[in-house]
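A quick write-up on the structure given underneath.
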Amino acid sequence: MQDDVVIRVVAKVMIPAVMLFALYVQFHGDYGPGGGFQAGVIFASAFVLNAVVFGLNKGRHVWPAHYNLMGICGGVLIYGFTGVAGMAFGENFLSFNVLADDPIAGQHLGILLVEFGVGLTVAAVMVMLFFTFAGRLSHNRLLSKSDAHERRLAPKSSPSKEVTK
Amino acid sequence: MMQHLPILQVLLPLLAAPFAALLRGRELAWGLTFLTTGAAFLISIALFLEQRALGTTLVYELGNWAAPIGIVYVIDAASALVLPVISGIGFIATLAARQLVAAEIDRRDHGLFYAAWLLTIAGMLGQVTTGDAFNIFVFLEISSLSAYALVAMGSGRDRRALPAAFNYLILGTVGATFYVIGIGLLYMLTGTLNLADLAERLPQVEETRAAFTAMAFIALGLFLKMALFPLHFWLVPAYAHAPSAVTALMASTATKVSVYVLIRLIFGVFGIEFPGLVDGVGLLVLTLGIAGAFVGTLAAIVETDLKKLFAQSSIAQLGYMAIGIGAMSATGLAAAFLHLFNHALMKGALFLAIGMIAAQAGRATMGTLQGAGKQIPITMTAILFGGLALIGVPLTAGFISKVYLIRALLEQDFWLLAGLTFVSSALALAYVWKIIEAAWLRPRPEGAPELSETPSQYMPAWIMVIATLGFGIYATPLVDAAFAAAHVFIPATVGAP
């Protein structure tokens with residue numbers, strides 16, 4: 001699809017805007033509609049658009065496979081340890097009142113960190129799902145089980161346009 | 001630290017899971033899982049002892065938000081009894097998993113395997129601990145989704161694991177959806193999701209059709225999840241084609257947790273006085289339970305694959321738990337709790353022993369067992385004891401739960417049902433005898449794969465066997481705990497023994 005100049009230029013303009021909007025939805029989620037889940041999906045859609053327009057190889061270059069596991073696990077750990085921080089201050093799990101000097105600021109900080117964890121995990125899961133499905137017939141570490149299947153199919157099916165570039 | 005135990009019970013395996021996924025080396029991931037499940041087991045025992053000593057309900061408020069608004073974790077006599085079952089089986093299955101997983105799972109997937117393993121344990125512990133109806137659904141999904149992945153990981157060795165996992169996914173999701181529809185109706189009626197609060201507010205709306213529909217949806221969804229006959233078709237292929245360690249973990253815990261949630265919702269929220277409960281759900285559960293006991297036992301008799309055989313027998317054993325629930329009395333519930341506990345032990349022992357054979361021979365069938373009694377006597381003796389406990393032979397734990405089950409039925413003058421329960425238990429002798437005959441009375445055929453055993457292979461199964469015998473010989477503390485659990489839902493004055 002990178003042969004089409006209109007799509008290429010529009011995508012280049014749109015991708016940063018999509019990411020910025022994702023960050024807005026993420027961090028403005030305390031005050032308006034939004035939050036980690038929506039922001040994560042929007043953020044991931046920027047990578048999906050990039051891969052759709054410029055090809056899977058370039059997409060993977062921007063988002064290498066090892067980001068997946070780090071993003072997914074990292075988000076869960078941020079969420080979990082924000083809750084544990086409350087316990088470290090002698091309160092119950094997920095108690096944010098003690099994270100800052102006054103309870104309201106503490107709740108703000110707590111929910112901000114928790115939502116960031118959610119956003120990170122959701123974004124990584126969405127990108128991983130896209131690359132897993134899009135990359136079925138080419139190389140994919142996460143589908144290592146179907147390697148034999150791939151080797152059988154690869155010579156027959158013509159390599160997709162994105163892969164050969 | 002002590003006051004944090006209810007949350008740490010769930011939080012430890014939940015937060016260890018991402019670390020396990022990130023650890024590349026398989027020994028590291030196993031070591032972390034081993035330590036975590038061990039700690040979870042100790043926590044559950046501490047909670048059990050604390051609850052028994054205090055005799056009250058331990059409540060933990062998440063984020064310091066109090067009950068009807070916030071989510072609370074509640075440890076009462078019932079959850080305190082079920083937690084050690086799950087975490088204990090999880091711990092011993094992890095002990096065995098080291099060899100089973102090394103034999104059956106691709107080395108690169110070990111980190112992800114143990115992450116899913118920890119998540120499914122965390123999800124099951126969460127369902128038991130939480131006092132919030134929607135939180136149960138969240139944990140139900142956590143444990144189920146990771147269980148689907150665990151079953152599918154059997155595909156490296158056995159491609160049929162993939163359709164089995166897919167069927168399990170579809171039916172499990174239908175079950176979870178039904179449950180959440182029911183919870184949605186209850187929320188619409190009462191405006192609360194807290195289980196204790198729901199139980200308080202439901203009597204005001206109990207004559208409405210919506211409340212009745214909610215009960216039907218919740219019961220049906222959980223019947224699917226606990227694999228009550230005739231909604232059990234996902235269970236046999238899922239257990240048969242999953243990796244052996246996963247079969248041992250799930251067969252002893254997954255369906256039991258759904259039994260617990262069913263009891264918690266039916267008796268703890270709707271309550272025994274809810275219109276239509278005793279003659280509607282009660283009669284249904286009783287009928288399906290006895291039908292399942294017969295269908296499962298008969299199917300097990302004709303089965304030749306050992307994993308499928310004992311999966312079919314699980315259907316029968318779940319039928320007995322359903323009969324205990326359907327008796328709608330304190331003794332019946334206590335029998336259901338006893339059988340939940342005992343069956344977890346015996347099925348754990350059986351599947352761990354069979355898993356060790358399957359990991360060596362590729363498959364565990366009646367043919368694999370021919371003459372195995374001489375080659376691997378210690379493992380086969382574990383299977384023998386597990387089988388005897390399934391029948392309900394005296395001095396095994398299975399006997400205790402059958403005695404209380406039949407007593408509960410006789411209390412209500414269900415003579416026919418008591419007789420049928422006895423007959424179906426006796427029928428189990430047929431499939432256990434089949435195994436004895438194959439293992440000890442037949443010679444080992446020429447060219448059969450060589451089987452061997454080392455202490456580290458049969459020890460996990462034997463821990464369970466010894467527990468089965470121990471709770472069969474000295475059952476008083478367990479029976480007391482089971483009655484305490486039953487009295488949470490049906491006060492001692494109603495139908496006391």
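Ligands are numbered from 1 in the order shown, residues from 1 within each chain, and chains are lettered A, B, ... in the order they appear in the structure tokens.
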
Counting only C-alpha atoms, chain B residues within 8 Å of chain A, as a list in words: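 Result: His4, Ile7, Leu15, Pro18, Phe19, Ala21, Leu22, Tyr60, Glu61, Leu62, Gly63, Asn64 and Gly156 of chain B.
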
Output of the above residues as a compact mmCIF listing (two decimals), in the first residue's frame, restricted to N, CA and C atoms:
# COMPACT_ATOMS: atom_id res chain seq x y z
N HIS B 4 -3.30 -8.76 56.13
CA HIS B 4 -3.26 -8.72 54.66
C HIS B 4 -3.39 -10.10 54.03
N ILE B 7 -5.81 -10.86 50.97
CA ILE B 7 -5.46 -10.33 49.65
C ILE B 7 -4.19 -11.00 49.14
N LEU B 15 0.62 -11.71 40.87
CA LEU B 15 1.76 -10.86 40.51
C LEU B 15 3.00 -11.69 40.15
N PRO B 18 3.30 -12.47 35.82
CA PRO B 18 4.10 -11.73 34.83
C PRO B 18 5.60 -11.98 34.96
N PHE B 19 6.10 -12.15 36.20
CA PHE B 19 7.52 -12.45 36.36
C PHE B 19 7.86 -13.80 35.72
N ALA B 21 6.38 -15.15 33.24
CA ALA B 21 6.36 -15.01 31.79
C ALA B 21 7.65 -14.36 31.30
N LEU B 22 8.20 -13.45 32.11
CA LEU B 22 9.41 -12.74 31.67
C LEU B 22 10.67 -13.58 31.86
N TYR B 60 -11.68 -8.27 54.41
CA TYR B 60 -10.60 -7.39 53.96
C TYR B 60 -11.18 -6.42 52.95
N GLU B 61 -11.04 -5.11 53.24
CA GLU B 61 -11.61 -4.11 52.34
C GLU B 61 -10.53 -3.63 51.38
N LEU B 62 -10.76 -3.82 50.09
CA LEU B 62 -9.78 -3.37 49.09
C LEU B 62 -9.80 -1.86 49.01
N GLY B 63 -8.63 -1.24 49.08
CA GLY B 63 -8.53 0.20 48.99
C GLY B 63 -9.24 0.91 50.12
N ASN B 64 -9.46 0.22 51.23
CA ASN B 64 -10.15 0.78 52.40
C ASN B 64 -11.55 1.28 52.09
N GLY B 156 1.45 -29.45 21.30
CA GLY B 156 2.77 -29.85 20.83
C GLY B 156 2.89 -31.37 20.74

Surrounding residues of Leu49 of chain A excluding itself and chain neighbours under 5 positions, 12 Å, only C-alpha atoms, as a list in words: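 Near neighbours after the sequence-gap exclusion: Met1, Gln2, Ile7, Arg8, Val10, Ala11, Lys12, Val13, Met14, Ile15, Pro16, Val18, Met19, Ile42, Phe43, Ala44, Phe54, Gly55, Leu56, Lys58, Gly59, Val62, Val127, Phe130 and Phe131 of chain A.
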
For the residues in that selection, give me C-alpha atoms as a PDB file, in the first residue's frame.
ATOM      1  CA  MET A   1       0.000   0.000   0.000  1.00  0.00           C
ATOM      2  CA  GLN A   2       3.041   2.242   0.337  1.00  0.00           C
ATOM      3  CA  ILE A   7      -2.282   6.964   1.743  1.00  0.00           C
ATOM      4  CA  ARG A   8       1.398   7.295   2.603  1.00  0.00           C
ATOM      5  CA  VAL A  10      -2.003  10.881   5.189  1.00  0.00           C
ATOM      6  CA  ALA A  11      -0.713   8.006   7.306  1.00  0.00           C
ATOM      7  CA  LYS A  12       2.460   9.889   8.132  1.00  0.00           C
ATOM      8  CA  VAL A  13       0.415  12.873   9.282  1.00  0.00           C
ATOM      9  CA  MET A  14      -2.137  10.784  11.123  1.00  0.00           C
ATOM     10  CA  ILE A  15       0.118   8.440  13.092  1.00  0.00           C
ATOM     11  CA  PRO A  16       1.573  11.078  15.449  1.00  0.00           C
ATOM     12  CA  VAL A  18      -3.364   9.274  16.771  1.00  0.00           C
ATOM     13  CA  MET A  19      -0.638   8.725  19.344  1.00  0.00           C
ATOM     14  CA  ILE A  42      -6.035   3.982  20.214  1.00  0.00           C
ATOM     15  CA  PHE A  43      -2.278   3.891  20.803  1.00  0.00           C
ATOM     16  CA  ALA A  44      -2.061   0.406  19.322  1.00  0.00           C
ATOM     17  CA  PHE A  54       4.219   0.448   5.219  1.00  0.00           C
ATOM     18  CA  GLY A  55       4.243  -3.326   5.526  1.00  0.00           C
ATOM     19  CA  LEU A  56       4.664  -5.891   8.265  1.00  0.00           C
ATOM     20  CA  LYS A  58       8.624  -2.077   8.851  1.00  0.00           C
ATOM     21  CA  GLY A  59       5.853  -2.453  11.393  1.00  0.00           C
ATOM     22  CA  VAL A  62       9.026  -0.111  14.928  1.00  0.00           C
ATOM     23  CA  VAL A 127      -0.389  -4.878  18.704  1.00  0.00           C
ATOM     24  CA  PHE A 130      -2.513  -7.790  15.071  1.00  0.00           C
ATOM     25  CA  PHE A 131       0.992  -9.052  14.313  1.00  0.00           C
TER      26      PHE A 131
END

Helix (DSSP H, G or I) positions in chain A, given as a ChimeraX atom specification: /A:5-27,36-54,56-62,66-88,97-99,103-134,141-153,161-164

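Proximity to Gly36 of chain A at 9 Å, evaluated using only C-alpha atoms and with sequence-adjacent residues fewer than 5 positions away removed, yields Val25, Gln26, Phe27, Gly29, Val41, Leu112, Val114, Glu115, Phe116, Gly117, Val118, Gly119, Leu120, Thr121 and Val122 of chain A.
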
Atomic separation - atom CA of Leu262 of chain B relative to atom CA of Ile315 of chain B, Å: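 Distance reported for this atom pair: 16.4 Å.
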
Segment 391-400 of chain B surroundings by only C-alpha atoms, 9 Å radius, close-in-sequence under 5 positions cut, as a PyMOL selection string: chain B and resi 335+338-339+342-343+345-346+385-386+405+424-429+432+467-475+479

Residues flagged strand (DSSP E) by DSSP in segment 41-285 of chain B, as a count of residues only: 8

Selected residue of minimal separation from Ala39 of chain A among A:Ala85, A:Leu23, A:Val53, A:Ala134, counting only C-alpha atoms: A:Leu23

Atomic distance atom CA of Ala53 of chain B - atom CA of Tyr73 of chain B, expressed in Å with one decimal: 18.7 Å

Shortest interatomic distance to Ala461 of chain B - which of B:Gly348, B:Gly31, B:Gly419, B:Gly362, counting only C-alpha atoms: B:Gly348

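Atom CA of Ile263 of chain B sits 17.8 Å away from atom CA of Gly123 of chain B.
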
Leu169 of chain B environment, 12 Å, only C-alpha atoms, sequence neighbours closer than 4 positions dropped, as a list of chain:residue names: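 Within the cut-off, the hits are B:Glu141, B:Ser143, B:Ser144, B:Leu145, B:Ser146, B:Ala147, B:Tyr148, B:Ala149, B:Leu150, B:Val151, B:Ala152, B:Ala161, B:Leu162, B:Pro163, B:Ala164, B:Ala165, B:Thr173, B:Val174, B:Gly175, B:Ala176, B:Thr177, B:Leu224, B:Lys225, B:Trp234, B:Leu235, B:Ala238.
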
Could you turn the residues from that selection into a file that holds N, CA and C atoms, as a CSV table (one decimal), in the first residue's frame?
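The resulting out-v9.csv:
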chain,number,residue,atom,x,y,z
B,141,GLU,N,-13.2,-15.5,34.7
B,141,GLU,CA,-12.6,-15.3,33.4
B,141,GLU,C,-11.1,-15.4,33.5
B,143,SER,N,-9.3,-17.3,35.5
B,143,SER,CA,-8.9,-18.7,35.6
B,143,SER,C,-9.3,-19.4,34.4
B,144,SER,N,-10.4,-19.1,33.8
B,144,SER,CA,-10.9,-19.9,32.6
B,144,SER,C,-10.0,-19.6,31.4
B,145,LEU,N,-9.7,-18.3,31.1
B,145,LEU,CA,-8.9,-17.9,30.0
B,145,LEU,C,-7.5,-18.6,30.0
B,146,SER,N,-6.9,-18.6,31.2
B,146,SER,CA,-5.6,-19.2,31.3
B,146,SER,C,-5.7,-20.7,31.2
B,147,ALA,N,-6.9,-21.2,31.7
B,147,ALA,CA,-7.0,-22.7,31.6
B,147,ALA,C,-7.2,-23.1,30.1
B,148,TYR,N,-7.9,-22.3,29.3
B,148,TYR,CA,-8.0,-22.6,27.8
B,148,TYR,C,-6.6,-22.6,27.2
B,149,ALA,N,-5.8,-21.7,27.6
B,149,ALA,CA,-4.4,-21.6,27.0
B,149,ALA,C,-3.6,-22.8,27.5
B,150,LEU,N,-3.8,-23.2,28.7
B,150,LEU,CA,-3.0,-24.4,29.3
B,150,LEU,C,-3.4,-25.6,28.5
B,151,VAL,N,-4.8,-25.8,28.3
B,151,VAL,CA,-5.2,-27.0,27.6
B,151,VAL,C,-4.6,-27.0,26.2
B,152,ALA,N,-4.7,-25.8,25.5
B,152,ALA,CA,-4.2,-25.7,24.1
B,152,ALA,C,-2.7,-26.0,24.0
B,161,ALA,N,-5.6,-31.4,21.2
B,161,ALA,CA,-5.7,-30.5,22.3
B,161,ALA,C,-6.3,-29.2,21.8
B,162,LEU,N,-6.1,-28.8,20.5
B,162,LEU,CA,-6.6,-27.6,19.9
B,162,LEU,C,-8.1,-27.6,19.8
B,163,PRO,N,-8.7,-28.5,19.1
B,163,PRO,CA,-10.2,-28.5,19.2
B,163,PRO,C,-10.8,-28.7,20.6
B,164,ALA,N,-10.1,-29.5,21.4
B,164,ALA,CA,-10.6,-29.6,22.8
B,164,ALA,C,-10.6,-28.3,23.5
B,165,ALA,N,-9.5,-27.5,23.3
B,165,ALA,CA,-9.4,-26.2,24.0
B,165,ALA,C,-10.5,-25.3,23.4
B,173,THR,N,-17.2,-19.9,27.8
B,173,THR,CA,-17.6,-18.5,27.7
B,173,THR,C,-19.1,-18.4,27.8
B,174,VAL,N,-19.8,-19.4,27.2
B,174,VAL,CA,-21.3,-19.4,27.3
B,174,VAL,C,-21.7,-19.4,28.8
B,175,GLY,N,-21.0,-20.3,29.5
B,175,GLY,CA,-21.3,-20.4,31.0
B,175,GLY,C,-21.1,-19.1,31.7
B,176,ALA,N,-19.9,-18.5,31.4
B,176,ALA,CA,-19.6,-17.3,32.1
B,176,ALA,C,-20.6,-16.1,31.7
B,177,THR,N,-21.0,-16.2,30.4
B,177,THR,CA,-21.9,-15.1,30.0
B,177,THR,C,-23.3,-15.3,30.7
B,224,LEU,N,-22.8,-25.4,33.7
B,224,LEU,CA,-21.9,-25.6,32.6
B,224,LEU,C,-20.5,-25.6,33.0
B,225,LYS,N,-20.2,-24.6,33.9
B,225,LYS,CA,-18.8,-24.5,34.4
B,225,LYS,C,-18.4,-25.6,35.2
B,234,TRP,N,-17.6,-30.7,27.3
B,234,TRP,CA,-16.3,-30.1,27.1
B,234,TRP,C,-15.3,-30.7,27.9
B,235,LEU,N,-15.7,-31.4,29.0
B,235,LEU,CA,-14.7,-31.7,30.0
B,235,LEU,C,-13.8,-32.9,29.6
B,238,ALA,N,-11.1,-32.0,27.0
B,238,ALA,CA,-10.2,-31.0,27.5
B,238,ALA,C,-9.2,-31.7,28.5

For Ser456 of chain B: contacts at 9 Å, only C-alpha atoms, fewer than 2 positions along chain excluded, given as a tab-separated table (two decimals) with N, CA and C atoms, in the first residue's frame:
chain	number	residue	atom	x	y	z
B	95	LEU	N	4.87	-29.25	42.06
B	95	LEU	CA	5.97	-30.16	42.38
B	95	LEU	C	6.14	-31.20	41.27
B	96	ALA	N	5.02	-31.75	40.82
B	96	ALA	CA	5.08	-32.76	39.77
B	96	ALA	C	5.32	-32.14	38.40
B	99	GLN	N	8.78	-32.26	36.12
B	99	GLN	CA	9.11	-33.34	35.19
B	99	GLN	C	8.10	-33.45	34.06
B	453	GLU	N	10.28	-45.75	37.37
B	453	GLU	CA	9.80	-44.79	38.35
B	453	GLU	C	10.93	-44.42	39.29
B	454	THR	N	10.95	-43.16	39.66
B	454	THR	CA	11.92	-42.70	40.66
B	454	THR	C	11.12	-41.99	41.74
B	458	TYR	N	6.98	-40.49	41.67
B	458	TYR	CA	5.75	-40.94	42.33
B	458	TYR	C	5.46	-40.20	43.62
B	459	MET	N	6.41	-39.40	44.10
B	459	MET	CA	6.18	-38.74	45.40
B	459	MET	C	4.96	-37.81	45.39
B	460	PRO	N	4.80	-36.92	44.37
B	460	PRO	CA	3.62	-36.03	44.43
B	460	PRO	C	2.31	-36.81	44.51
